[in-house]
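Content type mmCIF, C-alpha atoms, from the file input36.cif:
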data_structure
#
loop_
_atom_site.label_atom_id
_atom_site.label_comp_id
_atom_site.auth_asym_id
_atom_site.auth_seq_id
_atom_site.Cartn_x
_atom_site.Cartn_y
_atom_site.Cartn_z
CA MET A 16 -13.83 -71.30 101.16
CA LYS A 17 -12.66 -67.78 100.35
CA VAL A 18 -10.64 -66.93 97.27
CA TYR A 19 -8.13 -64.11 97.78
CA GLN A 20 -7.13 -61.86 94.93
CA ARG A 21 -3.40 -61.58 94.33
CA GLY A 22 -1.60 -58.80 92.48
CA PHE A 23 -2.80 -55.46 91.15
CA THR A 24 -5.46 -54.65 88.63
CA LEU A 25 -4.65 -52.92 85.38
CA ILE A 26 -6.36 -49.73 86.55
CA GLU A 27 -4.22 -49.59 89.71
CA LEU A 28 -1.04 -50.02 87.67
CA MET A 29 -2.10 -47.31 85.21
CA ILE A 30 -2.78 -44.90 88.09
CA VAL A 31 0.69 -45.53 89.53
CA VAL A 32 2.32 -44.99 86.12
CA ALA A 33 0.38 -41.74 85.67
CA ILE A 34 1.46 -40.45 89.09
CA VAL A 35 5.10 -41.30 88.40
CA GLY A 36 4.85 -39.58 85.01
CA ILE A 37 3.46 -36.40 86.57
CA LEU A 38 6.20 -36.37 89.21
CA MET A 39 8.88 -36.83 86.55
CA ALA A 40 7.41 -34.05 84.39
CA ILE A 41 7.77 -31.68 87.32
CA SER A 42 11.05 -32.83 88.85
CA VAL A 43 13.29 -33.29 85.77
CA PRO A 44 13.13 -29.63 84.62
CA LEU A 45 13.68 -28.43 88.19
CA TYR A 46 16.74 -30.67 88.50
CA GLN A 47 18.13 -29.44 85.17
CA ASP A 48 17.77 -25.82 86.30
CA TYR A 49 19.53 -26.69 89.54
CA VAL A 50 22.43 -28.25 87.60
CA LYS A 51 22.78 -25.16 85.39
CA SER A 52 22.74 -22.83 88.38
CA THR A 53 25.34 -24.97 90.12
CA GLN A 54 27.62 -24.95 87.08
CA VAL A 55 27.54 -21.14 86.89
CA ARG A 56 28.25 -20.85 90.62
CA ARG A 57 31.12 -23.33 90.33
CA ALA A 58 32.73 -21.44 87.44
CA GLN A 59 32.40 -18.16 89.35
CA ALA A 60 33.91 -19.72 92.49
CA GLU A 61 36.83 -21.17 90.53
CA LEU A 62 37.53 -17.74 89.05
CA SER A 63 37.23 -16.10 92.49
CA ALA A 64 39.95 -18.39 93.80
CA TYR A 65 42.51 -16.39 91.78
CA LYS A 66 41.71 -13.07 93.50
CA ALA A 67 44.38 -13.62 96.15
CA SER A 68 47.04 -14.32 93.52
CA VAL A 69 46.02 -11.18 91.65
CA GLU A 70 46.27 -9.08 94.82
CA VAL A 71 49.75 -10.47 95.51
CA ALA A 72 50.87 -9.65 91.97
CA ILE A 73 49.49 -6.11 92.24
CA SER A 74 51.23 -5.57 95.58
CA LYS A 75 54.52 -6.57 93.94
CA GLY A 76 53.98 -3.92 91.26
CA VAL A 77 53.68 -6.33 88.34
CA SER A 78 52.73 -4.64 85.06
CA SER A 79 51.04 -7.71 83.55
CA ILE A 80 49.64 -10.88 85.06
CA ALA A 81 49.98 -14.14 83.15
CA ASN A 82 47.88 -17.24 83.73
CA SER A 83 51.00 -19.05 84.94
CA ASP A 84 51.53 -16.32 87.58
CA LEU A 85 48.07 -17.10 88.95
CA GLY A 86 48.55 -20.84 88.89
CA TYR A 87 45.60 -21.02 86.50
CA ASN A 88 44.17 -24.48 85.77
CA GLN A 89 41.64 -24.93 82.99
CA SER A 90 38.21 -25.86 84.34
CA SER A 91 36.15 -28.51 82.59
CA LEU A 92 33.23 -26.04 82.49
CA LEU A 93 35.11 -23.38 80.53
CA GLN A 94 36.09 -22.88 76.93
CA PRO A 95 39.82 -23.27 76.36
CA VAL A 96 41.64 -20.05 77.21
CA VAL A 97 43.65 -18.72 74.27
CA SER A 98 45.05 -15.66 76.04
CA GLU A 99 45.45 -14.34 79.57
CA ILE A 100 42.33 -14.28 81.75
CA VAL A 101 43.45 -11.05 83.45
CA THR A 102 43.35 -7.71 81.68
CA TYR A 103 45.33 -5.24 83.78
CA SER A 104 45.64 -1.49 83.50
CA PRO A 105 48.41 0.58 85.10
CA THR A 106 45.80 2.51 87.12
CA GLY A 107 45.16 -0.61 89.21
CA GLU A 108 41.91 -1.64 87.57
CA LEU A 109 41.64 -5.11 86.14
CA VAL A 110 39.17 -7.66 84.82
CA MET A 111 39.38 -11.45 85.15
CA SER A 112 37.11 -13.03 82.58
CA VAL A 113 36.25 -16.56 81.42
CA THR A 114 33.65 -18.02 79.04
CA MET A 115 31.62 -21.11 79.81
CA GLY A 116 31.78 -24.04 77.41
CA GLY A 117 33.49 -27.40 77.65
CA ASN A 118 31.39 -29.78 79.76
CA ALA A 119 28.91 -27.10 80.82
CA SER A 120 25.26 -27.48 79.93
CA ALA A 121 24.63 -26.69 76.26
CA SER A 122 22.33 -23.82 77.19
CA LEU A 123 25.16 -22.14 79.16
CA VAL A 124 27.77 -22.14 76.38
CA GLY A 125 28.86 -18.57 75.82
CA VAL A 126 28.12 -17.20 79.31
CA VAL A 127 30.90 -14.76 80.24
CA ILE A 128 31.80 -14.49 83.92
CA SER A 129 33.88 -11.45 84.88
CA LEU A 130 35.39 -10.31 88.15
CA GLU A 131 36.32 -6.65 88.03
CA ARG A 132 38.68 -4.93 90.46
CA ALA A 133 38.47 -1.18 90.86
CA ALA A 134 41.57 0.89 91.60
CA ASP A 135 40.54 1.07 95.27
CA GLY A 136 40.59 -2.75 95.53
CA VAL A 137 36.83 -3.40 95.46
CA TRP A 138 35.83 -6.50 93.51
CA THR A 139 32.53 -6.85 91.62
CA CYS A 140 31.09 -9.81 89.75
CA THR A 141 29.33 -9.60 86.40
CA VAL A 142 27.73 -12.45 84.46
CA ASP A 143 26.75 -11.85 80.84
CA GLY A 144 24.39 -14.55 79.59
CA SER A 145 23.30 -12.79 76.40
CA ALA A 146 25.31 -15.18 74.20
CA ALA A 147 23.82 -18.30 75.82
CA SER A 148 20.72 -19.85 74.30
CA GLY A 149 19.03 -20.85 77.55
CA TRP A 150 20.21 -18.19 80.00
CA ARG A 151 17.92 -17.19 82.86
CA ASP A 152 18.67 -14.68 85.61
CA ALA A 153 17.83 -17.40 88.14
CA TYR A 154 21.27 -18.92 87.37
CA LEU A 155 23.15 -15.84 88.71
CA PRO A 156 25.42 -16.54 91.67
CA LEU A 157 24.84 -14.46 94.80
CA GLY A 158 26.52 -11.08 94.59
CA CYS A 159 26.71 -11.05 90.78
CA ASN A 160 24.85 -8.82 88.35
#
Could you express the structure from this file as structure tokens?
Amino acid sequence: MKVYQRGFTLIELMIVVAIVGILMAISVPLYQDYVKSTQVRRAQAELSAYKASVEVAISKGVSSIANSDLGYNQSSLLQPVVSEIVTYSPTGELVMSVTMGGNASASLVGVVISLERAADGVWTCTVDGSAASGWRDAYLPLGCN
């Protein structure tokens, strides 16, 4: 009569726990970096959505552009806006700028995202992460400096 072993040995269980631990040690930081990168891209995309409203206001010859003119809605990833997000000059140049905060990752608080429009209508994106504690250039959205 044969006796069959049932279950796992302690060594087998310890090996499985070690493998899971190694996988977690690698995957959790990668996932956190992905979340931070996604939050920066989302904030930049939300700001970019107002470009059309800005162009309409400029074509109407408006001398200043208020947040209400843009239909601006506060994002959960941004610090509360205390003034207008658009700084406009009579020469046609302007800057739309927001600062990350709110529900954004703690290491992204203070990142300033700016969309700048030259007088000839060309838009450029700038992200300044110098005020953020955990900023890395890997978080930059495509097309931003």
Evaluated on this file, the PyMOL selection byres ((chain A and resi 55-61) around 10) picks out some residues - which ones are they, written as a PyMOL selection string? chain A and resi 50-54+62-66+87-93+112-115+119-120+123+126-130+140-142+154-157+159
Could you tell me, as a PyMOL selection string, exactly which residues end up selected when the PyMOL selection byres ((chain A and resi 98-101) around 6) is applied to this structure? chain A and resi 81-82+96-97+102+110-112
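The spacing separating atom CA of Ser122 of chain A from atom CA of Gly36 of chain A amounts to 24.8 Å.
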If you count only C-alpha atoms, which residues fall within 12 Å of Val137 of chain A, apart from same-chain ones fewer than 4 positions away, as number ranges by chain? A: 66, 70, 107-110, 130-133
Skipping near chain neighbours, those fewer than 2 positions away, what residues fall within 9 Å of Ala147 of chain A using only C-alpha atoms, listed as a JSON list (two decimals) with C-alpha atoms, keeping the file's coordinate frame?
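Dumped to around.json:
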[["chain", "number", "residue", "atom", "x", "y", "z"],
["A", 121, "ALA", "CA", 24.63, -26.69, 76.26],
["A", 122, "SER", "CA", 22.33, -23.82, 77.19],
["A", 123, "LEU", "CA", 25.16, -22.14, 79.16],
["A", 124, "VAL", "CA", 27.77, -22.14, 76.38],
["A", 125, "GLY", "CA", 28.86, -18.57, 75.82],
["A", 126, "VAL", "CA", 28.12, -17.20, 79.31],
["A", 143, "ASP", "CA", 26.75, -11.85, 80.84],
["A", 144, "GLY", "CA", 24.39, -14.55, 79.59],
["A", 145, "SER", "CA", 23.30, -12.79, 76.40],
["A", 149, "GLY", "CA", 19.03, -20.85, 77.55],
["A", 150, "TRP", "CA", 20.21, -18.19, 80.00]]
So the first atom is atom CA of Tyr49 of chain A and the second is atom CA of Arg151 of chain A; what is the distance between them in Å, to one decimal place? 11.7 Å
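With atom CA of Thr139 of chain A on one side and atom CA of Ser78 of chain A on the other, the separation reads 21.4 Å.
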Need the shell around Val71 of chain A: protein/DNA/RNA residues with any atom at most 12 Å away, counting only C-alpha atoms. Skip same-chain ones fewer than 5 positions apart. Format as a compact mmCIF listing (two decimals) with C-alpha atoms, in the coordinates of the input?
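This is the output file part-v5.txt:
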# COMPACT_ATOMS: atom_id res chain seq x y z
CA TYR A 65 42.51 -16.39 91.78
CA LYS A 66 41.71 -13.07 93.50
CA GLY A 76 53.98 -3.92 91.26
CA VAL A 77 53.68 -6.33 88.34
CA ILE A 80 49.64 -10.88 85.06
CA ASP A 84 51.53 -16.32 87.58
CA LEU A 85 48.07 -17.10 88.95
CA GLY A 136 40.59 -2.75 95.53
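Closest approach to Asn118 of chain A among A:Pro44, A:Val69, A:Gln94, A:Ala33 is made by A:Gln94 (distances from all atoms listed in the file).
Comparing the minimum interatomic distances between Ala153 of chain A and each of A:Asp48, A:Gly117, A:Ser79, A:Ala72, counting all atoms listed in the file, we find that A:Asp48 sits nearest.
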Can you sort out the box for segment 52-59 of chain A, edges along x, y and z, all listed atoms in, 5 Å on every side, with centre and edge lengths in Å to one decimal, as JSON?
{"center_x": 27.7, "center_y": -21.6, "center_z": 88.8, "size_x": 20.0, "size_y": 16.8, "size_z": 13.7}
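Compared by their closest atoms to Trp138 of chain A, and using all atoms listed in the file, the residues A:Ala67, A:Leu38, A:Leu45, A:Ser104 rank with A:Ala67 nearest.
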